[in-house]
Amino acid sequence: MSLTGALNSAISGLTAAQIGIEWASQNVSNANTPGYGRKVVQQESNSIGGVRITGVDRSVNDTLFRESLQELGDLAAFQVTNDYLDRITALLGDPTTGGRLGADLADLSEAVENLAISPNGTNARVLVVDRAEGVGNTLEDLSASVQETRVAIDEEIANAIEEINGALEDIAYLNGQIGHYSSVSQPIGDLQDNRDQALRTVAKHMPIRVVDRENGELTVYLPSGMTLVDGAARPFDSYGNLMTIGAETEYPSSFDTISFAASPGSDATPFIQGGRLGELIKLRDETLPQVQMQLDNLAVGMRDEINLVHNRGTALPPPQTLTATNAFDDANLRLSYKTGHDTQIVVLDANGDQVATAALSAFVTAGGAAMNNFTLADVHNQTVNGITLTVTNDVLSISFNSATHPTGVGIGVLDTGLGTGELDAAITVSDNGGVGPSYAASGFSNLFGFNDLLTTDGGGPTMMSNAYQLTDAISTSAVTVNVLTTSDNYQVVMPANSTLEDTRAALVTAGVNARLVRSGDGYALRIGPPDPLAVDVSSAGTVNLAFHSSEIGAGETFGVASDIASDPRGVAAGRLVSDGGAPASYSIGSNDVAIANALAATFQGTSTFPQSAGLPQMTTTFAGYNAQIVGDLTSKASNAERSFEIQELFVGQLESRLSQDSGVSIDGELSEMIKLQNAYSAAARIISTVDEMFDVLNSIVN
């Protein structure tokens, strides 16, 4: 080899060693930098001697990295679920005791039992009102916490979308840089590291699919096929999170849509399944609304069972007038009593003894109707024995003429003509035209809510269907849907293969408030308010569309009826009884505890709660259903914690494998640097030796 060849070889070796030292030094500097991949200098022998640098590659296991993207998304999903469910379970309290609400229910039960022991004084009644308000306050607090958590989640959704958009823009920009520098054979490892970090950011929030292009660029998709990056980024439109959320706030009617900026109005929410963002959406639209619905079901169950009993009673002193809580259209709805059943309306004196009485049937007859077919319009402004029924804005009220009955102080009602084992008059409510379904009610006072102890003032009663996918047909045959509300009956006939959305649209056109809400993995059809009483679905073929009653936000507004809250003497301990005479005379004794005992029994007895909100239909006590709510959420929280811990361990192992394959070993890099420094020194010595030889040759020539 000539001296010139030797010199060139030494210089190329010196350069290669220097570049290698620089990259090894960078590897060491970034040993703890997240997402940094070890850089390896590639070189080959030169045909004219020495070596040349062919590039700087990353030492990254791409297959393992792509696998890690999915696992990171699952980890983020489990973590956010675990965090939020922990927050809610902490608010509910200890599941072994029924939590905060369990203690309040026990206190109310004790107060009602005390009323049966001391029916004469006001203290026992004040305690019942106070303890019932305590239950209401706890339900309200828990409901508020659920909705405040949804507000926080909605804000996190907005932040996540902003973070995703930034990462998508970064990926698109880095794609361009990588494509450019690849074309001019410049190192792209750091650009690829940064792009991988951006991919990890997106994958943390939602599952993605990544496709390599020949020029080193990547195309990024959602699993559904929606493009996120292909050349340019396709970011989401800005998301407007809500500052206030209630039980009635539902997807898709209430929340901003997650749509692509290039396609405003198009909703991508249903296609985001998994990852942190997908789980935030699920928590906001499914998991937490289910908790609220369970609280609502408990509130409604307690209200209805306790009011049914309390409406059988009469306070002492009795109320001066009775005004219905529940309104019914005075012309469009027909009432029908079971044969033999009636209701006695009694004016009472201060001692609870009868002053005057009149049967409801007398008012119906006076209006020209019959007990098996009458409307409120028939009894409006009818007066019998100094007692008057009036209907104002569909609300029935009962009053008496104090001049006719000067010793009268108030009014009580009692269902009569009942058979053995019957506690209430059986009343059927239906459309006045005889079309559509009917609603079976128990008790005259209970139907109208004349003597309600408890009340809810949420979004109002609704009927909710079972869940369907939006594109699923509810039947292969034509379907007729009848909806009976407190104002009218509505009917729609759907052609064969109609979807849930088709049915919703037809009901809305007919004048029914109907909308779709998320339910599990699908959607349910919610009807009302205004108050639906019954929904009937019929078809010549098979149809699986069924409805159950629900009430939006009942847990947020559960409490004692305002008139009783302001005057606890309105709590009834006893009921009207007949003396058995002909004609009968009615009275209520100051020591009568029939209603107090019956109220106490509602806490010890069982009620049937509907299949709803992730809980099966069950017959249990109020405390038992509350325990089911707490236990259900505690179980979900425990499962989320266990899933998070397992996934965290798995991702840790995966990251360790990635680090072994692509991470930096400081010991290895330092060892490599020593080798390169030795190579550098050897090349320098060769250059020095060649220089000396050139000097010798020059001296010989000279």
# chains A, B, ... in the order shown; residues from 1 in each chain; ligands from 1
$ residues_around --residues "Leu105 of chain A" --least-positions-apart "6" --cutoff "8 Å" --atoms "only C-alpha atoms" --output "list in words"
Val135, Phe622 and Ala623 of chain A
$ select_by_dssp --residues "segment 118-259 of chain A" --states "strand (DSSP E or B)" --output "list in words"
Arg209, Val210, Val211, Asp212, Leu218, Thr219, Val220, Tyr221, Thr227, Leu228, Val229, Asp230, Ala232, Ala233 and Phe236 of chain A
$ select_by_dssp --residues "segment 419-606 of chain A" --states "alpha helix (DSSP H)" --output "NGL selection string"
:A and (444-448 or 500-510 or 554-557 or 562-566 or 594-604)
$ residues_around --residues "Gly460 of chain A" --least-positions-apart "6" --cutoff "12 Å" --atoms "only C-alpha atoms" --output "ChimeraX atom specification"
/A:247-248,296,300,326,485-486,513,526-533,549-557
$ write_last_selection --atoms "C-alpha atoms" --output "mmCIF file, in the first residue's frame"
data_model
loop_
_atom_site.group_PDB
_atom_site.id
_atom_site.type_symbol
_atom_site.label_atom_id
_atom_site.label_comp_id
_atom_site.auth_asym_id
_atom_site.auth_seq_id
_atom_site.Cartn_x
_atom_site.Cartn_y
_atom_site.Cartn_z
ATOM 1 C CA ALA A 247 -78.742 13.796 35.295
ATOM 2 C CA GLU A 248 -80.635 14.886 32.174
ATOM 3 C CA ASP A 296 -82.775 7.541 40.919
ATOM 4 C CA VAL A 300 -88.365 6.504 43.053
ATOM 5 C CA ASN A 326 -100.113 14.617 39.826
ATOM 6 C CA THR A 485 -99.043 9.948 28.760
ATOM 7 C CA THR A 486 -100.789 12.004 31.404
ATOM 8 C CA ASN A 513 -90.602 13.650 23.383
ATOM 9 C CA ARG A 526 -86.207 7.113 26.067
ATOM 10 C CA ILE A 527 -89.776 8.449 25.980
ATOM 11 C CA GLY A 528 -90.825 11.469 28.030
ATOM 12 C CA PRO A 529 -91.225 13.713 29.820
ATOM 13 C CA PRO A 530 -94.069 14.804 29.765
ATOM 14 C CA ASP A 531 -95.041 11.923 31.936
ATOM 15 C CA PRO A 532 -95.556 8.633 30.077
ATOM 16 C CA LEU A 533 -97.806 6.208 31.909
ATOM 17 C CA SER A 549 -90.181 3.087 33.832
ATOM 18 C CA SER A 550 -87.412 5.408 34.977
ATOM 19 C CA GLU A 551 -87.139 8.963 36.238
ATOM 20 C CA ILE A 552 -84.346 11.340 35.328
ATOM 21 C CA GLY A 553 -82.641 12.967 38.288
ATOM 22 C CA ALA A 554 -84.974 11.724 41.023
ATOM 23 C CA GLY A 555 -81.992 11.273 43.330
ATOM 24 C CA GLU A 556 -81.012 14.909 42.835
ATOM 25 C CA THR A 557 -84.357 16.232 44.112
#
$ closest_residue --among "A:Ile11, A:Ala167, A:Ala534, A:Val493" --to "Ala203 of chain A" --atoms "only C-alpha atoms"
A:Ala167
$ residues_around --residues "Thr634 of chain A" --least-positions-apart "4" --cutoff "9 Å" --atoms "only C-alpha atoms" --output "PDB file with C-alpha atoms, in the first residue's frame"
ATOM      1  CA  LEU A  85     -64.294   4.799  40.346  1.00  0.00           C
ATOM      2  CA  ASP A  86     -62.096   5.109  43.436  1.00  0.00           C
ATOM      3  CA  THR A  89     -66.726   4.643  45.858  1.00  0.00           C
ATOM      4  CA  PRO A  95     -69.957  -1.271  51.320  1.00  0.00           C
ATOM      5  CA  ILE A 629     -75.663   0.004  44.415  1.00  0.00           C
ATOM      6  CA  VAL A 630     -72.641   0.344  46.681  1.00  0.00           C
ATOM      7  CA  SER A 638     -62.066  -3.463  42.500  1.00  0.00           C
ATOM      8  CA  ASN A 639     -62.026  -5.013  39.017  1.00  0.00           C
TER       9      ASN A 639
END
$ closest_residue --among "A:Arg195, A:Leu333, A:Leu454, A:Leu545" --to "Ile306 of chain A" --atoms "only C-alpha atoms"
A:Leu454
$ closest_residue --among "A:Val577, A:Ala233, A:Ala637, A:Met494" --to "Arg87 of chain A" --atoms "only C-alpha atoms"
A:Ala637
$ residues_around --residues "Met302 of chain A" --least-positions-apart "4" --cutoff "10 Å" --atoms "only C-alpha atoms" --output "list in words"
Asp296, Asn297, Leu298, Ile306, Asn307, Leu308, Leu454, Thr455, Phe558, Thr602, Phe603, Ser607, Thr621 and Phe622 of chain A
$ atom_distance --atom1 "atom CA of Ala172 of chain A" --atom2 "atom CA of Gln186 of chain A"
18.9 Å
$ residues_around --residues "segment 343-349 of chain A" --least-positions-apart "4" --cutoff "6 Å" --atoms "only C-alpha atoms" --output "list in words"
Asp353, Gln354, Val355, Ala356, Thr357, Ala358, Ala359, Leu360, Thr407, Gly408, Val409, Gly410, Ile411, Gly412, Val413, Leu414, Asp415 and Thr416 of chain A
$ write_last_selection --atoms "N, CA, C and O atoms" --output "compact mmCIF listing (two decimals), in the first residue's frame"
# COMPACT_ATOMS: atom_id res chain seq x y z
N ASP A 353 -113.34 13.61 63.96
CA ASP A 353 -114.65 12.99 63.76
C ASP A 353 -115.33 13.56 62.52
O ASP A 353 -115.13 14.73 62.15
N GLN A 354 -116.17 12.75 61.92
CA GLN A 354 -116.87 13.16 60.69
C GLN A 354 -117.83 14.31 60.94
O GLN A 354 -118.61 14.30 61.89
N VAL A 355 -117.77 15.30 60.02
CA VAL A 355 -118.75 16.37 59.99
C VAL A 355 -119.69 16.16 58.81
O VAL A 355 -120.90 16.35 58.92
N ALA A 356 -119.11 15.77 57.67
CA ALA A 356 -119.92 15.49 56.47
C ALA A 356 -119.13 14.54 55.59
O ALA A 356 -117.90 14.42 55.70
N THR A 357 -119.83 13.84 54.72
CA THR A 357 -119.16 12.90 53.82
C THR A 357 -119.91 12.80 52.51
O THR A 357 -121.12 13.08 52.44
N ALA A 358 -119.17 12.43 51.45
CA ALA A 358 -119.77 12.21 50.14
C ALA A 358 -118.90 11.22 49.39
O ALA A 358 -117.68 11.26 49.46
N ALA A 359 -119.53 10.30 48.67
CA ALA A 359 -118.79 9.31 47.89
C ALA A 359 -118.39 9.91 46.55
O ALA A 359 -119.13 10.74 45.97
N LEU A 360 -117.24 9.52 46.04
CA LEU A 360 -116.80 9.99 44.73
C LEU A 360 -117.83 9.63 43.67
O LEU A 360 -118.06 10.41 42.73
N THR A 407 -117.99 23.49 61.78
CA THR A 407 -117.09 22.77 62.70
C THR A 407 -116.00 21.99 61.96
O THR A 407 -115.13 21.40 62.58
N GLY A 408 -116.09 21.99 60.64
CA GLY A 408 -115.10 21.27 59.85
C GLY A 408 -113.76 22.00 59.81
O GLY A 408 -113.71 23.23 59.72
N VAL A 409 -112.67 21.25 59.92
CA VAL A 409 -111.33 21.85 59.87
C VAL A 409 -110.49 21.31 58.72
O VAL A 409 -109.49 21.91 58.33
N GLY A 410 -110.88 20.15 58.18
CA GLY A 410 -110.08 19.58 57.09
C GLY A 410 -110.76 18.40 56.44
O GLY A 410 -111.89 18.04 56.78
N ILE A 411 -110.04 17.80 55.48
CA ILE A 411 -110.61 16.74 54.65
C ILE A 411 -109.72 15.51 54.68
O ILE A 411 -108.48 15.61 54.65
N GLY A 412 -110.35 14.36 54.71
CA GLY A 412 -109.65 13.09 54.55
C GLY A 412 -110.36 12.24 53.52
O GLY A 412 -111.54 12.48 53.20
N VAL A 413 -109.66 11.27 52.94
CA VAL A 413 -110.28 10.37 51.96
C VAL A 413 -109.99 8.93 52.35
O VAL A 413 -108.97 8.62 52.97
N LEU A 414 -110.90 8.03 51.96
CA LEU A 414 -110.75 6.61 52.26
C LEU A 414 -111.37 5.81 51.14
O LEU A 414 -112.53 6.03 50.79
N ASP A 415 -110.59 4.88 50.56
CA ASP A 415 -111.14 3.98 49.55
C ASP A 415 -112.05 2.97 50.25
O ASP A 415 -111.71 2.41 51.30
N THR A 416 -113.21 2.73 49.64
CA THR A 416 -114.21 1.84 50.26
C THR A 416 -114.66 0.77 49.26
O THR A 416 -114.31 0.82 48.07
$ residues_around --residues "Leu101 of chain A" --least-positions-apart "5" --cutoff "9 Å" --atoms "only C-alpha atoms" --output "PDB file with N, CA and C atoms, in the first residue's frame"
ATOM      1  N   LEU A  92     -69.439   7.072  48.287  1.00  0.00           N
ATOM      2  CA  LEU A  92     -70.549   6.212  48.702  1.00  0.00           C
ATOM      3  C   LEU A  92     -70.331   5.642  50.094  1.00  0.00           C
ATOM      4  N   GLY A  93     -69.066   5.356  50.433  1.00  0.00           N
ATOM      5  CA  GLY A  93     -68.780   4.868  51.774  1.00  0.00           C
ATOM      6  C   GLY A  93     -68.555   3.368  51.833  1.00  0.00           C
ATOM      7  N   ALA A 106     -81.283   3.789  57.848  1.00  0.00           N
ATOM      8  CA  ALA A 106     -81.515   3.193  59.168  1.00  0.00           C
ATOM      9  C   ALA A 106     -82.083   4.225  60.133  1.00  0.00           C
ATOM     10  N   VAL A 135     -82.003  11.706  54.333  1.00  0.00           N
ATOM     11  CA  VAL A 135     -81.864  10.789  53.201  1.00  0.00           C
ATOM     12  C   VAL A 135     -81.795  11.583  51.895  1.00  0.00           C
ATOM     13  N   THR A 138     -78.424  13.342  51.449  1.00  0.00           N
ATOM     14  CA  THR A 138     -77.357  12.424  51.052  1.00  0.00           C
ATOM     15  C   THR A 138     -77.508  12.012  49.590  1.00  0.00           C
ATOM     16  N   LEU A 139     -78.750  11.704  49.177  1.00  0.00           N
ATOM     17  CA  LEU A 139     -78.985  11.386  47.768  1.00  0.00           C
ATOM     18  C   LEU A 139     -78.586  12.557  46.877  1.00  0.00           C
ATOM     19  N   LEU A 142     -74.714  12.787  46.813  1.00  0.00           N
ATOM     20  CA  LEU A 142     -74.135  11.732  45.980  1.00  0.00           C
ATOM     21  C   LEU A 142     -74.391  12.017  44.507  1.00  0.00           C
ATOM     22  N   ALA A 623     -82.767  -0.740  51.998  1.00  0.00           N
ATOM     23  CA  ALA A 623     -81.368  -0.888  52.402  1.00  0.00           C
ATOM     24  C   ALA A 623     -80.661  -1.922  51.531  1.00  0.00           C
ATOM     25  N   ASN A 626     -79.861  -0.330  48.187  1.00  0.00           N
ATOM     26  CA  ASN A 626     -78.731   0.571  48.381  1.00  0.00           C
ATOM     27  C   ASN A 626     -77.429  -0.215  48.487  1.00  0.00           C
TER      28      ASN A 626
END
$ closest_residue --among "A:Ile398, A:Ala496, A:Val391, A:Ile157" --to "Lys282 of chain A" --atoms "only C-alpha atoms"
A:Ile157
$ closest_residue --among "A:Leu396, A:Asn175, A:Pro235, A:Asp170" --to "Thr219 of chain A" --atoms "only C-alpha atoms"
A:Asn175
$ closest_residue --among "A:Thr388, A:Asn393, A:Gln628, A:Thr428" --to "Asn372 of chain A" --atoms "only C-alpha atoms"
A:Thr428
$ atom_distance --atom1 "atom CA of Val492 of chain A" --atom2 "atom CA of Arg504 of chain A"
10.0 Å
$ atom_distance --atom1 "atom CA of Val184 of chain A" --atom2 "atom CA of Ala198 of chain A"
24.1 Å
$ decode --residues "segment 226-262 of chain A" --atoms "N, CA and C atoms" --output "PDB file, in the first residue's frame"
ATOM      1  N   MET A 226     -60.970   5.367   9.946  1.00  0.00           N
ATOM      2  CA  MET A 226     -60.883   6.817   9.830  1.00  0.00           C
ATOM      3  C   MET A 226     -59.424   7.259   9.858  1.00  0.00           C
ATOM      4  N   THR A 227     -59.042   8.102   8.903  1.00  0.00           N
ATOM      5  CA  THR A 227     -57.663   8.546   8.774  1.00  0.00           C
ATOM      6  C   THR A 227     -57.366   9.660   9.760  1.00  0.00           C
ATOM      7  N   LEU A 228     -56.217   9.531  10.436  1.00  0.00           N
ATOM      8  CA  LEU A 228     -55.750  10.571  11.343  1.00  0.00           C
ATOM      9  C   LEU A 228     -54.574  11.337  10.753  1.00  0.00           C
ATOM     10  N   VAL A 229     -53.654  10.607  10.101  1.00  0.00           N
ATOM     11  CA  VAL A 229     -52.514  11.237   9.422  1.00  0.00           C
ATOM     12  C   VAL A 229     -52.252  10.476   8.133  1.00  0.00           C
ATOM     13  N   ASP A 230     -52.243  11.182   7.031  1.00  0.00           N
ATOM     14  CA  ASP A 230     -51.851  10.618   5.736  1.00  0.00           C
ATOM     15  C   ASP A 230     -51.310  11.776   4.910  1.00  0.00           C
ATOM     16  N   GLY A 231     -50.017  12.002   5.052  1.00  0.00           N
ATOM     17  CA  GLY A 231     -49.440  13.223   4.512  1.00  0.00           C
ATOM     18  C   GLY A 231     -49.717  14.337   5.505  1.00  0.00           C
ATOM     19  N   ALA A 232     -50.870  14.974   5.399  1.00  0.00           N
ATOM     20  CA  ALA A 232     -51.282  15.997   6.349  1.00  0.00           C
ATOM     21  C   ALA A 232     -52.012  15.359   7.528  1.00  0.00           C
ATOM     22  N   ALA A 233     -52.042  16.082   8.642  1.00  0.00           N
ATOM     23  CA  ALA A 233     -52.798  15.630   9.811  1.00  0.00           C
ATOM     24  C   ALA A 233     -54.274  15.911   9.591  1.00  0.00           C
ATOM     25  N   ARG A 234     -55.100  15.063  10.196  1.00  0.00           N
ATOM     26  CA  ARG A 234     -56.542  15.289  10.164  1.00  0.00           C
ATOM     27  C   ARG A 234     -57.023  15.413  11.609  1.00  0.00           C
ATOM     28  N   PRO A 235     -56.822  16.575  12.216  1.00  0.00           N
ATOM     29  CA  PRO A 235     -57.137  16.735  13.636  1.00  0.00           C
ATOM     30  C   PRO A 235     -58.639  16.829  13.887  1.00  0.00           C
ATOM     31  N   PHE A 236     -59.000  16.669  15.155  1.00  0.00           N
ATOM     32  CA  PHE A 236     -60.378  16.863  15.559  1.00  0.00           C
ATOM     33  C   PHE A 236     -60.679  18.351  15.687  1.00  0.00           C
ATOM     34  N   ASP A 237     -61.948  18.681  15.533  1.00  0.00           N
ATOM     35  CA  ASP A 237     -62.376  20.050  15.772  1.00  0.00           C
ATOM     36  C   ASP A 237     -62.254  20.348  17.269  1.00  0.00           C
ATOM     37  N   SER A 238     -62.129  21.616  17.628  1.00  0.00           N
ATOM     38  CA  SER A 238     -62.047  21.976  19.042  1.00  0.00           C
ATOM     39  C   SER A 238     -63.313  21.513  19.755  1.00  0.00           C
ATOM     40  N   TYR A 239     -63.140  21.045  20.981  1.00  0.00           N
ATOM     41  CA  TYR A 239     -64.246  20.464  21.739  1.00  0.00           C
ATOM     42  C   TYR A 239     -64.637  21.416  22.861  1.00  0.00           C
ATOM     43  N   GLY A 240     -65.920  21.721  22.953  1.00  0.00           N
ATOM     44  CA  GLY A 240     -66.424  22.601  24.002  1.00  0.00           C
ATOM     45  C   GLY A 240     -66.990  21.809  25.157  1.00  0.00           C
ATOM     46  N   ASN A 241     -66.233  21.693  26.232  1.00  0.00           N
ATOM     47  CA  ASN A 241     -66.720  20.937  27.390  1.00  0.00           C
ATOM     48  C   ASN A 241     -67.735  21.759  28.168  1.00  0.00           C
ATOM     49  N   LEU A 242     -68.612  21.052  28.897  1.00  0.00           N
ATOM     50  CA  LEU A 242     -69.682  21.692  29.659  1.00  0.00           C
ATOM     51  C   LEU A 242     -69.211  22.036  31.063  1.00  0.00           C
ATOM     52  N   MET A 243     -69.653  23.172  31.556  1.00  0.00           N
ATOM     53  CA  MET A 243     -69.306  23.595  32.909  1.00  0.00           C
ATOM     54  C   MET A 243     -70.321  23.098  33.938  1.00  0.00           C
ATOM     55  N   THR A 244     -71.523  22.775  33.474  1.00  0.00           N
ATOM     56  CA  THR A 244     -72.576  22.268  34.361  1.00  0.00           C
ATOM     57  C   THR A 244     -73.223  21.052  33.711  1.00  0.00           C
ATOM     58  N   ILE A 245     -73.363  19.982  34.472  1.00  0.00           N
ATOM     59  CA  ILE A 245     -73.966  18.747  33.970  1.00  0.00           C
ATOM     60  C   ILE A 245     -74.950  18.238  35.008  1.00  0.00           C
ATOM     61  N   GLY A 246     -76.111  17.797  34.548  1.00  0.00           N
ATOM     62  CA  GLY A 246     -77.106  17.193  35.426  1.00  0.00           C
ATOM     63  C   GLY A 246     -77.448  15.796  34.949  1.00  0.00           C
ATOM     64  N   ALA A 247     -78.351  15.156  35.666  1.00  0.00           N
ATOM     65  CA  ALA A 247     -78.742  13.796  35.295  1.00  0.00           C
ATOM     66  C   ALA A 247     -79.357  13.749  33.913  1.00  0.00           C
ATOM     67  N   GLU A 248     -79.984  14.845  33.483  1.00  0.00           N
ATOM     68  CA  GLU A 248     -80.635  14.886  32.174  1.00  0.00           C
ATOM     69  C   GLU A 248     -79.649  15.157  31.038  1.00  0.00           C
ATOM     70  N   THR A 249     -78.387  15.434  31.372  1.00  0.00           N
ATOM     71  CA  THR A 249     -77.369  15.721  30.356  1.00  0.00           C
ATOM     72  C   THR A 249     -76.864  14.406  29.786  1.00  0.00           C
ATOM     73  N   GLU A 250     -77.165  14.146  28.533  1.00  0.00           N
ATOM     74  CA  GLU A 250     -76.879  12.847  27.941  1.00  0.00           C
ATOM     75  C   GLU A 250     -76.244  13.004  26.569  1.00  0.00           C
ATOM     76  N   TYR A 251     -75.466  11.995  26.189  1.00  0.00           N
ATOM     77  CA  TYR A 251     -74.963  11.896  24.828  1.00  0.00           C
ATOM     78  C   TYR A 251     -76.006  11.122  24.009  1.00  0.00           C
ATOM     79  N   PRO A 252     -76.313  11.558  22.781  1.00  0.00           N
ATOM     80  CA  PRO A 252     -75.630  12.607  22.011  1.00  0.00           C
ATOM     81  C   PRO A 252     -76.321  13.962  22.035  1.00  0.00           C
ATOM     82  N   SER A 253     -77.439  14.086  22.765  1.00  0.00           N
ATOM     83  CA  SER A 253     -78.249  15.294  22.626  1.00  0.00           C
ATOM     84  C   SER A 253     -77.646  16.501  23.326  1.00  0.00           C
ATOM     85  N   SER A 254     -76.833  16.286  24.345  1.00  0.00           N
ATOM     86  CA  SER A 254     -76.409  17.406  25.188  1.00  0.00           C
ATOM     87  C   SER A 254     -74.944  17.797  25.022  1.00  0.00           C
ATOM     88  N   PHE A 255     -74.090  16.839  24.713  1.00  0.00           N
ATOM     89  CA  PHE A 255     -72.660  17.123  24.673  1.00  0.00           C
ATOM     90  C   PHE A 255     -72.211  17.552  23.278  1.00  0.00           C
ATOM     91  N   ASP A 256     -71.098  18.285  23.248  1.00  0.00           N
ATOM     92  CA  ASP A 256     -70.485  18.643  21.983  1.00  0.00           C
ATOM     93  C   ASP A 256     -70.026  17.363  21.285  1.00  0.00           C
ATOM     94  N   THR A 257     -70.075  17.379  19.965  1.00  0.00           N
ATOM     95  CA  THR A 257     -69.624  16.204  19.221  1.00  0.00           C
ATOM     96  C   THR A 257     -68.112  16.239  19.041  1.00  0.00           C
ATOM     97  N   ILE A 258     -67.511  15.063  19.029  1.00  0.00           N
ATOM     98  CA  ILE A 258     -66.091  14.945  18.699  1.00  0.00           C
ATOM     99  C   ILE A 258     -66.027  14.704  17.197  1.00  0.00           C
ATOM    100  N   SER A 259     -65.735  15.745  16.440  1.00  0.00           N
ATOM    101  CA  SER A 259     -65.764  15.650  14.988  1.00  0.00           C
ATOM    102  C   SER A 259     -64.442  16.127  14.412  1.00  0.00           C
ATOM    103  N   PHE A 260     -64.148  15.686  13.194  1.00  0.00           N
ATOM    104  CA  PHE A 260     -62.935  16.124  12.516  1.00  0.00           C
ATOM    105  C   PHE A 260     -63.118  17.545  12.008  1.00  0.00           C
ATOM    106  N   ALA A 261     -62.055  18.347  12.127  1.00  0.00           N
ATOM    107  CA  ALA A 261     -62.130  19.737  11.693  1.00  0.00           C
ATOM    108  C   ALA A 261     -62.498  19.840  10.217  1.00  0.00           C
ATOM    109  N   ALA A 262     -62.053  18.839   9.431  1.00  0.00           N
ATOM    110  CA  ALA A 262     -62.352  18.862   7.998  1.00  0.00           C
ATOM    111  C   ALA A 262     -63.786  18.440   7.704  1.00  0.00           C
TER     112      ALA A 262
END
